Amino acid sequence: MLIVVRHGRTAANAAGLLQGRVDNPLDDVGRAQAAAIADVLVGCAHPLVVSSPLLRARETADAVAHRLGAPVQIDDRFLELDYGLLDGVPTKDVGADVWARWRVDPEFAPEGGESLAALQHRVEDACRDLAALAAERDVLVFSHVSPIKATVAWALGVGPATTWRMHVAQATITRVRTAPTTALTSFNEVAHLNGI
């Protein structure tokens with residue numbers, strides 16, 4: 001099973017900022033969320049743990065890997081979308097024209113940033129590389145909202161434009177079966193976050 005986890009909360013998440021490649025640590029809520037994720041995933045047998053190199057994803061992965069006694073492998077293909085000059089900008093301050101263009105053009109990239117089409121390509125490559133392993137053991141991937149949406153789009157065989165129709169909540173778990181066929185088996189699991 002390919003199990004894709006969105007990292008726990010950061011102060012920037014709480015403030016409604018686009019984080020992109022800004023390398024923020026988890027806040028107190030995020031650390032509690034990471035512990036709750038570990039409680040759910042501790043039963044994984046012989047897991048492979050993979051993480052984005054960004055601190056918020058690594059800290060979430062480390063909380064789980066520590067409980068599992070597994071090392072964490074870093075894969076840059078699971079980095080968050082590069083928002084370029086929009087990194088660190090409050091989402092409410094991104095112009096309506098920018099949002100509108102983003103939603104209709106998967107090739108659009110904010111200045112200095114990355115397009116959803118480029119992100120989809122790198123995430124699909126990573127998913128294909130992990131698919132055979134995920135057919136034999138649990139592969140836990142700790143990542144960010146945009147790569148998780150891209151993973152779901154890959155599992156469903158649809159393009160990056162569909163990612164605008166998904167909401168991936170903080171510290172959620174999504175599961176993709178990779179054999180005998182690829183299928184989304186759960187999306188945006190939140191039950192482990194009750195009380196946080």
# chains A, B, ... in the order shown; residues from 1 in each chain; ligands from 1

call {"tool": "residues_around", "arguments": {"residues": "segment 49-59 of chain A", "least_positions_apart": "4", "cutoff": "9 Å", "atoms": "only C-alpha atoms", "output": "PyMOL selection string"}}
result
chain A and resi 5-10+21-26+30-31+34+63-65+70-80+138-144

call {"tool": "residues_around", "arguments": {"residues": "Thr182 of chain A", "least_positions_apart": "6", "cutoff": "8 Å", "atoms": "only C-alpha atoms", "output": "list in words"}}
result
Ala155, Leu156 and Val176 of chain A

call {"tool": "select_by_dssp", "arguments": {"residues": "segment 125-195 of chain A", "states": "strand (DSSP E)", "output": "count of residues only"}}
result
17

call {"tool": "closest_residue", "arguments": {"among": "A:Pro180, A:Pro160, A:Gly20, A:Pro147", "to": "Val89 of chain A", "atoms": "only C-alpha atoms"}}
result
A:Gly20

call {"tool": "atom_distance", "arguments": {"atom1": "atom CA of Ala12 of chain A", "atom2": "atom CA of Pro106 of chain A"}}
result
25.3 Å
